[in-house]
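*Asks:* Dropping in target02.txt, with compact mmCIF, C-alpha atoms.
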# COMPACT_ATOMS: atom_id res chain seq x y z
CA MET N 68 79.10 89.63 89.21
CA ASP N 69 75.50 88.74 90.04
CA PRO N 70 74.89 86.52 93.10
CA ILE N 71 73.74 83.47 91.13
CA SER N 72 76.84 83.50 88.93
CA PHE N 73 78.99 83.99 92.01
CA ARG N 74 77.33 81.02 93.69
CA SER N 75 77.68 78.86 90.58
CA ASP N 76 81.37 79.69 90.30
CA LEU N 77 82.03 78.61 93.87
CA GLU N 78 79.94 75.46 93.52
CA ARG N 79 82.07 74.46 90.52
CA GLU N 80 85.26 75.28 92.41
CA LEU N 81 84.19 73.07 95.30
CA MET N 82 82.91 70.12 93.31
CA LEU N 83 85.34 70.10 90.37
CA ASP N 84 88.59 71.28 91.96
CA ILE N 85 88.93 71.32 95.75
CA LEU N 86 87.11 68.13 96.77
CA PRO N 87 88.42 65.98 93.88
CA PHE N 88 92.02 67.00 94.65
CA TRP N 89 91.71 65.73 98.23
CA LEU N 90 89.68 62.66 97.26
CA HIS N 91 92.01 61.45 94.54
CA ARG N 92 95.45 62.70 95.56
CA ALA N 93 95.53 62.94 99.35
CA GLN N 94 93.95 59.67 100.47
CA ASP N 95 96.39 56.94 101.42
CA PRO N 96 95.19 53.59 99.93
CA SER N 97 96.49 51.83 103.06
CA GLY N 98 94.43 54.08 105.35
CA GLY N 99 94.06 57.69 106.39
CA TRP N 100 95.43 60.71 104.58
CA PHE N 101 98.92 61.52 103.40
CA GLY N 102 100.68 64.13 105.49
CA ARG N 103 102.06 66.28 102.72
CA ILE N 104 101.85 67.18 99.05
CA ALA N 105 104.60 69.64 98.16
CA GLY N 106 104.08 72.97 96.48
CA ASP N 107 104.98 71.51 93.09
CA GLY N 108 102.24 68.89 93.48
CA SER N 109 104.54 65.96 94.31
CA LEU N 110 103.47 63.53 97.03
CA VAL N 111 105.64 63.15 100.15
CA PRO N 112 104.33 59.76 101.37
CA ASP N 113 106.51 59.48 104.48
CA ALA N 114 105.59 62.90 105.89
CA PRO N 115 104.19 63.05 109.44
CA ARG N 116 100.43 63.42 109.73
CA GLY N 117 99.01 66.34 111.67
CA ALA N 118 95.89 66.42 113.83
CA ILE N 119 94.85 69.81 112.48
CA LEU N 120 94.95 68.67 108.86
CA ASN N 121 92.97 65.51 109.62
CA ALA N 122 90.37 67.34 111.71
CA ARG N 123 89.92 69.93 108.96
CA ILE N 124 89.55 67.19 106.35
CA LEU N 125 86.87 65.62 108.55
CA TRP N 126 84.99 68.91 108.85
CA THR N 127 85.21 69.63 105.13
CA PHE N 128 83.90 66.30 103.89
CA ALA N 129 81.25 66.04 106.58
CA SER N 130 79.98 69.49 105.66
CA ALA N 131 80.18 68.71 101.94
CA PHE N 132 78.17 65.52 102.45
CA ARG N 133 75.57 67.42 104.48
CA LEU N 134 75.16 69.94 101.65
CA THR N 135 75.46 67.72 98.58
CA GLY N 136 74.64 64.16 99.63
CA ASP N 137 77.57 62.98 97.52
CA PRO N 138 78.47 59.44 98.66
CA SER N 139 82.18 59.99 97.97
CA CYS N 140 82.11 62.82 100.53
CA ARG N 141 80.44 60.49 103.04
CA GLN N 142 83.13 57.88 102.49
CA ALA N 143 85.90 60.46 102.93
CA ALA N 144 84.27 61.81 106.09
CA ASP N 145 83.95 58.26 107.47
CA ARG N 146 87.64 57.65 106.81
CA ALA N 147 88.67 60.94 108.43
CA CYS N 148 86.50 60.30 111.48
CA ALA N 149 88.01 56.85 111.93
CA GLU N 150 91.48 58.36 111.73
CA ILE N 151 90.71 60.84 114.52
CA ARG N 152 88.95 58.27 116.68
CA GLU N 153 91.35 55.34 116.21
CA ARG N 154 94.75 57.00 115.79
CA PHE N 155 94.81 60.63 116.91
CA TYR N 156 92.74 60.24 120.07
CA ASP N 157 94.86 59.43 123.15
CA PRO N 158 93.09 56.54 124.91
CA GLN N 159 95.20 56.90 128.05
CA TYR N 160 95.02 60.61 128.83
CA GLY N 161 92.40 61.96 126.46
CA GLY N 162 92.86 64.76 123.96
CA VAL N 163 94.47 64.25 120.56
CA TYR N 164 98.11 63.87 119.63
CA TRP N 165 99.68 66.72 117.70
CA SER N 166 101.07 64.38 115.05
CA LEU N 167 101.52 60.77 113.93
CA THR N 168 104.17 59.02 111.89
CA ALA N 169 103.30 58.18 108.30
CA ASP N 170 102.32 54.67 109.43
CA GLY N 171 99.97 55.97 112.12
CA ARG N 172 101.98 55.79 115.37
CA PRO N 173 102.02 58.70 117.88
CA LEU N 174 104.88 61.09 117.07
CA ASP N 175 104.48 64.41 118.88
CA THR N 176 102.15 63.68 121.79
CA LYS N 177 101.75 67.20 123.20
CA LYS N 178 98.22 68.48 123.74
CA GLN N 179 97.75 71.69 121.77
CA PHE N 180 94.28 73.00 122.56
CA TYR N 181 93.96 74.56 119.12
CA ALA N 182 94.21 71.06 117.61
CA ILE N 183 91.72 69.62 120.11
CA ALA N 184 89.29 72.40 119.19
CA PHE N 185 89.52 71.43 115.53
CA ALA N 186 88.86 67.81 116.40
CA ILE N 187 85.67 68.97 118.16
CA TYR N 188 84.77 71.04 115.11
CA GLY N 189 85.16 68.11 112.74
CA LEU N 190 83.43 65.53 114.97
CA ALA N 191 80.47 67.81 115.70
CA GLU N 192 79.98 68.55 112.01
CA TYR N 193 80.24 64.83 111.23
CA HIS N 194 77.51 64.13 113.78
CA ARG N 195 75.43 66.92 112.26
CA ALA N 196 75.84 65.39 108.80
CA VAL N 197 75.38 61.67 109.51
CA GLY N 198 73.91 61.43 113.03
CA SER N 199 76.83 59.55 114.62
CA PRO N 200 76.39 59.24 118.41
CA GLU N 201 79.99 57.97 118.70
CA ALA N 202 81.36 61.12 117.07
CA LEU N 203 79.23 63.32 119.30
CA ASP N 204 80.38 61.43 122.39
CA LEU N 205 84.03 61.92 121.44
CA ALA N 206 83.47 65.62 120.71
CA ILE N 207 81.95 66.03 124.17
CA ARG N 208 84.87 64.20 125.79
CA LEU N 209 87.31 66.52 124.02
CA TYR N 210 85.30 69.57 125.08
CA ARG N 211 85.57 68.39 128.68
CA ASP N 212 89.33 67.90 128.23
CA ILE N 213 89.67 71.53 127.17
CA GLU N 214 87.57 72.70 130.09
CA ALA N 215 89.50 70.57 132.58
CA HIS N 216 93.01 71.42 131.38
CA SER N 217 92.94 74.70 129.45
CA PHE N 218 90.28 76.94 131.00
CA ASP N 219 91.72 79.63 133.28
CA ALA N 220 89.17 80.01 136.07
CA ALA N 221 91.08 82.90 137.65
CA GLY N 222 91.84 85.11 134.66
CA GLY N 223 89.35 83.83 132.08
CA GLY N 224 90.09 82.33 128.73
CA TYR N 225 92.15 79.35 127.67
CA LEU N 226 95.81 78.35 127.82
CA GLU N 227 97.70 77.13 124.80
CA ALA N 228 99.18 73.69 125.43
CA CYS N 229 100.17 70.92 127.84
CA THR N 230 102.25 67.77 127.77
CA ARG N 231 100.59 64.50 126.87
CA ALA N 232 99.64 63.93 130.54
CA TRP N 233 98.28 67.50 130.91
CA GLU N 234 101.33 68.87 132.72
CA PRO N 235 102.73 72.38 132.07
CA ILE N 236 104.84 72.61 128.92
CA GLU N 237 107.65 75.09 128.34
CA ASP N 238 107.09 75.70 124.63
CA MET N 239 103.41 76.46 124.10
CA ARG N 240 103.77 77.89 120.59
CA LEU N 241 101.37 76.78 117.91
CA SER N 242 104.07 77.20 115.25
CA GLU N 243 107.60 78.48 114.93
CA ARG N 244 106.40 81.88 113.74
CA ASP N 245 104.31 82.43 116.89
CA ARG N 246 105.27 83.94 120.23
CA ASN N 247 105.48 81.66 123.26
CA ASP N 248 102.68 83.31 125.23
CA ALA N 249 100.11 81.82 127.58
CA LYS N 250 97.03 83.00 125.66
CA THR N 251 96.49 83.79 122.00
CA MET N 252 93.71 85.14 119.87
CA ASN N 253 94.13 82.28 117.40
CA THR N 254 93.46 79.50 119.89
CA HIS N 255 90.50 81.39 121.36
CA LEU N 256 89.02 81.96 117.90
CA HIS N 257 89.14 78.28 117.03
CA ILE N 258 87.91 77.05 120.41
CA LEU N 259 84.98 79.40 119.81
CA GLU N 260 84.52 77.91 116.34
CA GLY N 261 84.58 74.34 117.67
CA TYR N 262 82.25 75.16 120.54
CA THR N 263 79.82 76.89 118.15
CA CYS N 264 79.64 73.76 115.99
CA LEU N 265 79.23 71.54 119.05
CA TYR N 266 76.51 73.74 120.59
CA ARG N 267 74.57 73.56 117.34
CA VAL N 268 74.11 69.80 117.90
CA TRP N 269 74.35 69.55 121.71
CA LYS N 270 72.41 72.19 123.63
CA ASP N 271 74.26 71.81 126.93
CA GLU N 272 73.91 74.73 129.36
CA GLY N 273 77.54 74.56 130.49
CA LEU N 274 78.72 74.71 126.88
CA ARG N 275 76.40 77.65 126.26
CA ARG N 276 77.97 79.59 129.14
CA ARG N 277 81.48 78.87 127.88
CA LEU N 278 80.59 79.87 124.32
CA ALA N 279 79.02 83.12 125.51
CA GLY N 280 82.10 83.70 127.65
CA LEU N 281 84.34 83.28 124.61
CA VAL N 282 82.37 85.88 122.67
CA GLU N 283 82.67 88.26 125.61
CA ILE N 284 86.43 87.64 125.86
CA PHE N 285 86.75 88.82 122.28
CA LEU N 286 84.62 91.87 122.91
CA ASP N 287 86.31 92.81 126.19
CA ARG N 288 89.89 91.57 125.82
CA ILE N 289 90.88 90.80 122.25
CA VAL N 290 89.24 93.40 119.98
CA ARG N 291 91.40 96.52 120.16
CA ALA N 292 90.23 100.12 120.06
CA ASP N 293 91.34 100.37 116.41
CA GLY N 294 89.14 97.41 115.44
CA HIS N 295 91.99 94.96 114.90
CA LEU N 296 92.44 91.86 117.02
CA GLY N 297 95.20 91.60 119.58
CA LEU N 298 97.17 88.43 118.92
CA PHE N 299 99.30 87.47 121.96
CA PHE N 300 98.66 87.91 125.69
CA ASP N 301 100.10 86.96 129.05
CA MET N 302 98.09 85.23 131.78
CA ASP N 303 96.53 88.55 132.84
CA TRP N 304 95.53 89.57 129.30
CA ASN N 305 98.29 92.13 128.85
CA SER N 306 98.99 92.44 125.13
CA GLN N 307 102.42 91.22 124.05
CA SER N 308 102.38 92.34 120.41
CA ASP N 309 100.99 95.10 118.21
CA ALA N 310 100.99 92.91 115.08
CA VAL N 311 97.93 92.99 112.81
CA SER N 312 96.72 89.77 111.13
CA TYR N 313 94.28 90.86 108.45
CA GLY N 314 93.05 87.35 107.69
CA HIS N 315 92.18 86.69 111.32
CA ASP N 316 90.41 90.05 111.50
CA ILE N 317 88.07 89.27 108.62
CA GLU N 318 87.61 85.64 109.70
CA ALA N 319 86.68 86.63 113.26
CA SER N 320 84.24 89.23 111.95
CA TRP N 321 81.88 86.51 110.76
CA LEU N 322 82.68 83.65 113.18
CA LEU N 323 81.84 85.84 116.18
CA GLU N 324 78.48 86.81 114.68
CA GLU N 325 77.73 83.18 113.88
CA ALA N 326 78.30 82.29 117.54
CA ALA N 327 76.20 85.21 118.83
CA ASP N 328 73.34 84.29 116.50
CA LEU N 329 73.35 80.71 117.74
CA LEU N 330 73.32 81.83 121.40
CA ASP N 331 70.21 83.94 120.66
CA ASP N 332 71.00 86.55 123.32
CA ALA N 333 69.69 89.88 122.01
CA THR N 334 72.01 92.06 124.07
CA LEU N 335 75.10 90.02 123.19
CA ARG N 336 74.09 89.95 119.54
CA VAL N 337 73.88 93.75 119.35
CA ARG N 338 77.28 94.17 121.01
CA THR N 339 78.84 91.53 118.80
CA SER N 340 77.42 92.93 115.58
CA ALA N 341 78.78 96.39 116.34
CA ALA N 342 82.22 94.98 117.14
CA CYS N 343 82.25 92.76 114.04
CA ARG N 344 81.42 95.71 111.82
CA ARG N 345 84.43 97.57 113.26
CA ILE N 346 86.67 94.51 112.81
CA ALA N 347 85.63 94.05 109.17
CA VAL N 348 86.19 97.73 108.38
CA ALA N 349 89.60 97.64 110.07
CA SER N 350 90.60 94.58 108.02
CA LEU N 351 90.16 96.58 104.81
CA GLU N 352 93.40 98.40 105.62
CA GLY N 353 95.05 95.28 104.18
CA TRP N 354 92.82 94.95 101.10
CA LYS N 355 92.82 96.63 97.68
CA PRO N 356 90.45 96.03 94.77
CA GLY N 357 91.95 93.56 92.34
CA GLU N 358 94.89 92.84 94.66
CA GLY N 359 93.43 90.77 97.48
CA MET N 360 94.23 90.93 101.21
CA ILE N 361 97.81 91.04 102.46
CA TYR N 362 98.92 88.84 105.33
CA GLU N 363 100.10 91.06 108.19
CA TRP N 364 101.64 94.29 109.40
CA VAL N 365 103.75 94.87 112.53
CA PRO N 366 103.73 98.58 113.45
CA ALA N 367 106.55 98.27 116.01
CA THR N 368 109.04 97.08 113.40
CA GLY N 369 107.43 98.32 110.20
CA HIS N 370 107.35 94.72 108.90
CA ARG N 371 104.74 94.24 106.19
CA ASP N 372 104.08 90.78 104.80
CA ALA N 373 102.34 91.51 101.49
CA ASP N 374 101.98 87.90 100.33
CA ARG N 375 98.37 86.97 99.55
CA HIS N 376 97.91 83.72 101.46
CA TRP N 377 95.25 81.28 100.29
CA TRP N 378 93.33 81.17 103.57
CA VAL N 379 93.27 84.94 103.97
CA GLN N 380 91.66 85.34 100.54
CA ALA N 381 89.05 82.68 101.29
CA GLU N 382 88.09 84.28 104.60
CA THR N 383 87.92 87.69 102.92
CA VAL N 384 85.25 86.39 100.55
CA VAL N 385 83.11 85.03 103.40
CA GLY N 386 83.66 88.00 105.72
CA CYS N 387 82.76 90.55 103.05
CA TRP N 388 79.66 88.62 101.97
CA ASN N 389 78.59 88.31 105.60
CA ARG N 390 78.88 92.08 106.00
CA PHE N 391 76.82 92.59 102.82
CA GLN N 392 74.06 90.34 104.12
CA ARG N 393 73.92 92.09 107.47
CA ASP N 394 74.34 95.71 106.37
CA ALA N 395 72.77 95.59 102.88
CA ASP N 396 75.71 97.64 101.59
CA PRO N 397 76.52 96.52 98.01
CA ALA N 398 80.14 97.64 98.43
CA TRP N 399 80.73 94.59 100.61
CA ALA N 400 79.28 92.25 97.97
CA ALA N 401 81.54 93.88 95.38
CA ARG N 402 84.56 93.24 97.61
CA ALA N 403 83.60 89.58 98.02
CA THR N 404 83.23 88.95 94.29
CA ASP N 405 86.34 91.01 93.51
CA ASN N 406 88.34 88.83 95.88
CA TRP N 407 86.97 85.68 94.27
CA GLU N 408 88.14 86.99 90.88
CA PHE N 409 91.57 87.62 92.42
CA ILE N 410 91.64 84.02 93.71
CA ARG N 411 90.59 82.67 90.33
CA ARG N 412 93.29 84.64 88.49
CA HIS N 413 96.19 84.04 90.86
CA LEU N 414 95.71 81.14 93.32
CA LEU N 415 94.07 78.25 91.46
CA CYS N 416 96.69 75.64 90.51
CA PRO N 417 96.40 74.25 86.98
CA ASP N 418 96.60 70.68 88.31
CA GLY N 419 94.29 71.15 91.30
CA GLU N 420 93.81 72.98 94.62
CA TRP N 421 95.29 76.41 95.38
CA TYR N 422 98.80 77.74 95.73
CA TRP N 423 99.83 78.57 99.28
CA SER N 424 100.06 82.22 98.31
CA LEU N 425 100.76 84.78 95.66
CA ARG N 426 104.11 86.35 96.46
CA ALA N 427 104.33 90.10 96.97
CA ASP N 428 106.24 90.24 93.65
CA GLY N 429 103.24 88.72 91.83
CA THR N 430 104.59 85.17 91.38
CA PRO N 431 102.81 82.05 92.69
CA ASN N 432 104.37 80.39 95.72
CA VAL N 433 105.31 76.87 94.63
CA THR N 434 107.66 76.34 97.58
CA ASP N 435 105.15 75.98 100.41
CA ASP N 436 102.78 73.01 100.66
CA ARG N 437 99.81 72.25 98.47
CA ALA N 438 98.67 69.99 101.33
CA GLY N 439 100.23 69.60 104.75
CA PHE N 440 100.11 70.38 108.47
CA TRP N 441 98.50 73.76 107.74
CA LYS N 442 97.44 73.55 104.09
CA CYS N 443 94.02 71.97 104.00
CA PRO N 444 90.62 72.04 102.24
CA TYR N 445 88.91 73.82 105.14
CA HIS N 446 89.32 77.54 104.40
CA ASN N 447 88.71 77.37 100.66
CA GLY N 448 86.16 74.56 100.93
CA ARG N 449 84.30 76.42 103.66
CA MET N 450 84.32 79.59 101.57
CA CYS N 451 82.50 77.75 98.82
CA MET N 452 80.04 76.07 101.16
CA GLU N 453 79.27 79.26 103.08
CA ILE N 454 78.32 81.01 99.85
CA LEU N 455 76.24 78.02 98.73
CA GLU N 456 74.27 78.22 101.98
CA ARG N 457 74.01 82.00 102.02
CA ILE N 458 72.81 82.46 98.43
CA LYS N 459 69.62 80.47 97.98
CA ILE N 460 68.39 79.42 94.54
Represent the structure from my file as structure tokens, please.

*Replies:*
Amino acid sequence: MDPISFRSDLERELMLDILPFWLHRAQDPSGGWFGRIAGDGSLVPDAPRGAILNARILWTFASAFRLTGDPSCRQAADRACAEIRERFYDPQYGGVYWSLTADGRPLDTKKQFYAIAFAIYGLAEYHRAVGSPEALDLAIRLYRDIEAHSFDAAGGGYLEACTRAWEPIEDMRLSERDRNDAKTMNTHLHILEGYTCLYRVWKDEGLRRRLAGLVEIFLDRIVRADGHLGLFFDMDWNSQSDAVSYGHDIEASWLLEEAADLLDDATLRVRTSAACRRIAVASLEGWKPGEGMIYEWVPATGHRDADRHWWVQAETVVGCWNRFQRDADPAWAARATDNWEFIRRHLLCPDGEWYWSLRADGTPNVTDDRAGFWKCPYHNGRMCMEILERIKI
């Protein structure tokens, strides 16, 4: 597939499928966004509303407005920003609540730093798109909350979670499938992502040091000798799992380079580029032409999750195209377009958005959410917008 056709395909996917689904089916007429649309496409109006979903919706529509100027995207971004600012933000202690009830009252009030990082990501992109000083101010406040309550001055890096009032919490897990460890790759990756977006619009020297420190943590602590990312760590950065997450590998391979480019440190950029090349190559252990990228492998148990999750496929497209742009190796471009063809054949729902995954047996997953706490327009929407920005016409 030639680059212009590839770009046109993804522009159509963004503008005619992904964004309309969220605009017309996920907005609550009484305010905010519904918390869940089931895998069969049915609305669950009384579902709780998650901070991560709302922050990702904010980022997606802010970025889409910045790229397209579409007023419906501006309206959706305004609505999502108001939801974060007026309902998810904790006016007493700072940070954002993990979840709200369907009518907008605090439900789970723990402070998960992963969720706070996504709020920063969305607010900073909203400021970038529309020039909102209020959004930037809130993003900076949330950045300072992370630095005050999550940063580990002794061992480096960031802790996972606290209670509402920033006290230690026994269960720090991001989800039920995660280990209950003090530090994780996933939270560090998305704090880095949020800080990168914030630094793009707020050139604060303290933020620059923390962002550079996050890149170095990946290079020194998280990227393993085999090129894969370590996933779970104790306070002293001892690895607690040998599991491989192929989607996080390929996603990190381009997010880390984006951060290093923005920092404009020549030495750090060279180190980061070399590491990201190794990470991207290692991720291909989970990828086959025409078959997409599998989810994970756990060497210690032999467990292999061969489902093709929606977000993993989206990040594979961006990560492979990023490698093509940086290395001028057409094999990477071929992988990106091949993975898009896989998505188009197997993950696009006939009535809008994407299935959660293609099962290992080749059937679409209609059990898991079409929209929900974790199912959002951010990975697939960002895939489209990254390609639109990377392929100029």

*Asks:* When you draw a straight line from atom CA of Tyr181 of chain N to atom CA of His255 of chain N, how long is it in Å?

*Replies:* 8.0 Å

*Asks:* Please provide the set of residues having any atom within 10 Å of Glu456 of chain N, restricted to all atoms listed in the file, with same-chain residues fewer than 5 positions apart removed, written as a PyMOL selection string.

*Replies:* chain N and resi 74+134+451

*Asks:* For Pro138 of chain N, which residue among N:His295, N:Leu90, N:Ala373, N:Ala401 is the nearest when counting only C-alpha atoms?

*Replies:*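 Ranking N:His295, N:Leu90, N:Ala373, N:Ala401 by distance to Pro138 of chain N, first place goes to N:Leu90.
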
*Asks:* Give me the residues of segment 73-192 of chain N that have any atom at most 12 Å from an atom of segment 234-250 of chain N; for each, the nearest atom pair and the distance in Å, rounded to one decimal. Use all atoms listed in the file, sort by chain and number, and format it as JSON lines.

*Replies:*
{"residue": "N:Ile119", "atom": "CA", "partner": "N:Leu241", "partner_atom": "CA", "distance": 11.0}
{"residue": "N:Tyr160", "atom": "CA", "partner": "N:Glu234", "partner_atom": "CA", "distance": 11.1}
{"residue": "N:Trp165", "atom": "CA", "partner": "N:Leu241", "partner_atom": "CA", "distance": 10.2}
{"residue": "N:Thr176", "atom": "CA", "partner": "N:Ile236", "partner_atom": "CA", "distance": 11.7}
{"residue": "N:Lys177", "atom": "CA", "partner": "N:Ile236", "partner_atom": "CA", "distance": 8.5}
{"residue": "N:Lys178", "atom": "CA", "partner": "N:Ile236", "partner_atom": "CA", "distance": 9.4}
{"residue": "N:Gln179", "atom": "CA", "partner": "N:Leu241", "partner_atom": "CA", "distance": 7.3}
{"residue": "N:Phe180", "atom": "CA", "partner": "N:Leu241", "partner_atom": "CA", "distance": 9.3}
{"residue": "N:Tyr181", "atom": "CA", "partner": "N:Leu241", "partner_atom": "CA", "distance": 7.8}
{"residue": "N:Ala182", "atom": "CA", "partner": "N:Leu241", "partner_atom": "CA", "distance": 9.2}

*Asks:* Can you tell me how far atom CA of Trp441 of chain N sits from atom CA of Gly171 of chain N, in Å to one decimal?

*Replies:* 18.4 Å

*Asks:* Smallest atom-to-atom distance to Gly297 of chain N: which of N:Met252, N:Arg276, N:Pro417, N:Glu325, using only C-alpha atoms?

*Replies:*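 Checking each of N:Met252, N:Arg276, N:Pro417, N:Glu325 against Gly297 of chain N, counting only C-alpha atoms, the winner is N:Met252.
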
*Asks:* Go through N:Cys416, N:Leu425, N:Ile183, N:Leu298 and flag the residue nearest Ile361 of chain N, using all atoms listed in the file for the distances.

*Replies:* N:Leu425

*Asks:* When you count only C-alpha atoms, which of these residues is closest to Trp100 of chain N: N:Cys264, N:Leu415, N:Ala220, N:Ile124?

*Replies:*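 Once distances to Trp100 of chain N are computed over only C-alpha atoms, the minimum belongs to N:Ile124.
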
*Asks:* Have a look at N:Asn121, N:Ala367, N:Val268, N:Tyr262 and name the one nearest to Gly198 of chain N; count all atoms listed in the file.

*Replies:*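 Nearest candidate to Gly198 of chain N out of N:Asn121, N:Ala367, N:Val268, N:Tyr262: N:Val268.
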
*Asks:* Report, as JSON, the centre and edge lengths in Å (one decimal) of the axis-aligned box enclosing every listed atom of segment 399-417 of chain N, padded by 5 Å on each side.

*Replies:*
{"center_x": 88.0, "center_y": 84.4, "center_z": 93.8, "size_x": 27.4, "size_y": 30.3, "size_z": 23.6}

*Asks:* Env of Pro158 of chain N: 12 Å cut, atoms = only C-alpha atoms, seq-sep filter 2 positions within chain, self excluded. Answer as a ChimeraX atom specification.

*Replies:* /N:151-156,160-164,173,176,205,208-209,231-232

*Asks:* Interatomic distance between atom CA of Thr168 of chain N and atom CA of Ala149 of chain N?

*Replies:*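 For atom CA of Thr168 of chain N relative to atom CA of Ala149 of chain N, the distance reads 16.3 Å.
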
*Asks:* Point out the residue among N:Gly369, N:Gly106, N:Gly314, N:Pro70 with the least atom-to-atom distance to Asp435 of chain N, counting all atoms listed in the file.

*Replies:*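 Result for the nearest residue to Asp435 of chain N: N:Gly106.
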
*Asks:* Do you know which residues are at most 9 Å from Phe73 of chain N counting only C-alpha atoms, after dropping those on the same chain fewer than 3 positions away, and could you put them as a PDB file with C-alpha atoms, keeping the file's coordinate frame?

*Replies:*
ATOM      1  CA  MET N  68      79.100  89.630  89.210  1.00  0.00           C
ATOM      2  CA  ASP N  69      75.500  88.740  90.040  1.00  0.00           C
ATOM      3  CA  PRO N  70      74.890  86.520  93.100  1.00  0.00           C
ATOM      4  CA  ASP N  76      81.370  79.690  90.300  1.00  0.00           C
ATOM      5  CA  LEU N  77      82.030  78.610  93.870  1.00  0.00           C
ATOM      6  CA  GLU N  78      79.940  75.460  93.520  1.00  0.00           C
ATOM      7  CA  THR N 404      83.230  88.950  94.290  1.00  0.00           C
ATOM      8  CA  TRP N 407      86.970  85.680  94.270  1.00  0.00           C
ATOM      9  CA  ILE N 454      78.320  81.010  99.850  1.00  0.00           C
TER      10      ILE N 454
END

*Asks:* Give as a compact mmCIF listing (two decimals) with C-alpha atoms, keeping the file's coordinate frame each residue that has an atom at most 12 Å from (79.0, 67.9, 111.2) in the file, counting only C-alpha atoms.

*Replies:*
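Printed below is point07.txt as written:
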# COMPACT_ATOMS: atom_id res chain seq x y z
CA ALA N 122 90.37 67.34 111.71
CA ARG N 123 89.92 69.93 108.96
CA ILE N 124 89.55 67.19 106.35
CA LEU N 125 86.87 65.62 108.55
CA TRP N 126 84.99 68.91 108.85
CA THR N 127 85.21 69.63 105.13
CA PHE N 128 83.90 66.30 103.89
CA ALA N 129 81.25 66.04 106.58
CA SER N 130 79.98 69.49 105.66
CA ALA N 131 80.18 68.71 101.94
CA PHE N 132 78.17 65.52 102.45
CA ARG N 133 75.57 67.42 104.48
CA LEU N 134 75.16 69.94 101.65
CA ARG N 141 80.44 60.49 103.04
CA ALA N 144 84.27 61.81 106.09
CA ASP N 145 83.95 58.26 107.47
CA CYS N 148 86.50 60.30 111.48
CA PHE N 185 89.52 71.43 115.53
CA ALA N 186 88.86 67.81 116.40
CA ILE N 187 85.67 68.97 118.16
CA TYR N 188 84.77 71.04 115.11
CA GLY N 189 85.16 68.11 112.74
CA LEU N 190 83.43 65.53 114.97
CA ALA N 191 80.47 67.81 115.70
CA GLU N 192 79.98 68.55 112.01
CA TYR N 193 80.24 64.83 111.23
CA HIS N 194 77.51 64.13 113.78
CA ARG N 195 75.43 66.92 112.26
CA ALA N 196 75.84 65.39 108.80
CA VAL N 197 75.38 61.67 109.51
CA GLY N 198 73.91 61.43 113.03
CA SER N 199 76.83 59.55 114.62
CA PRO N 200 76.39 59.24 118.41
CA ALA N 202 81.36 61.12 117.07
CA LEU N 203 79.23 63.32 119.30
CA ALA N 206 83.47 65.62 120.71
CA GLY N 261 84.58 74.34 117.67
CA THR N 263 79.82 76.89 118.15
CA CYS N 264 79.64 73.76 115.99
CA LEU N 265 79.23 71.54 119.05
CA TYR N 266 76.51 73.74 120.59
CA ARG N 267 74.57 73.56 117.34
CA VAL N 268 74.11 69.80 117.90
CA TRP N 269 74.35 69.55 121.71

*Asks:* List every protein, DNA or RNA residue that has at least one atom no more than 10 Å from (83.3, 85.7, 102.7) in the file's coordinates, counting only C-alpha atoms, and write the result as a list in words.

*Replies:*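 Residues satisfying the cut-off, written out: Ile317, Glu318, Ser320, Trp321, Gln380, Ala381, Glu382, Thr383, Val384, Val385, Gly386, Cys387, Trp388, Asn389, Arg390, Phe391, Trp399, Ala400, Arg402, Ala403, Thr404, Asn406, Trp407, Arg449, Met450, Cys451, Glu453 and Ile454 of chain N.
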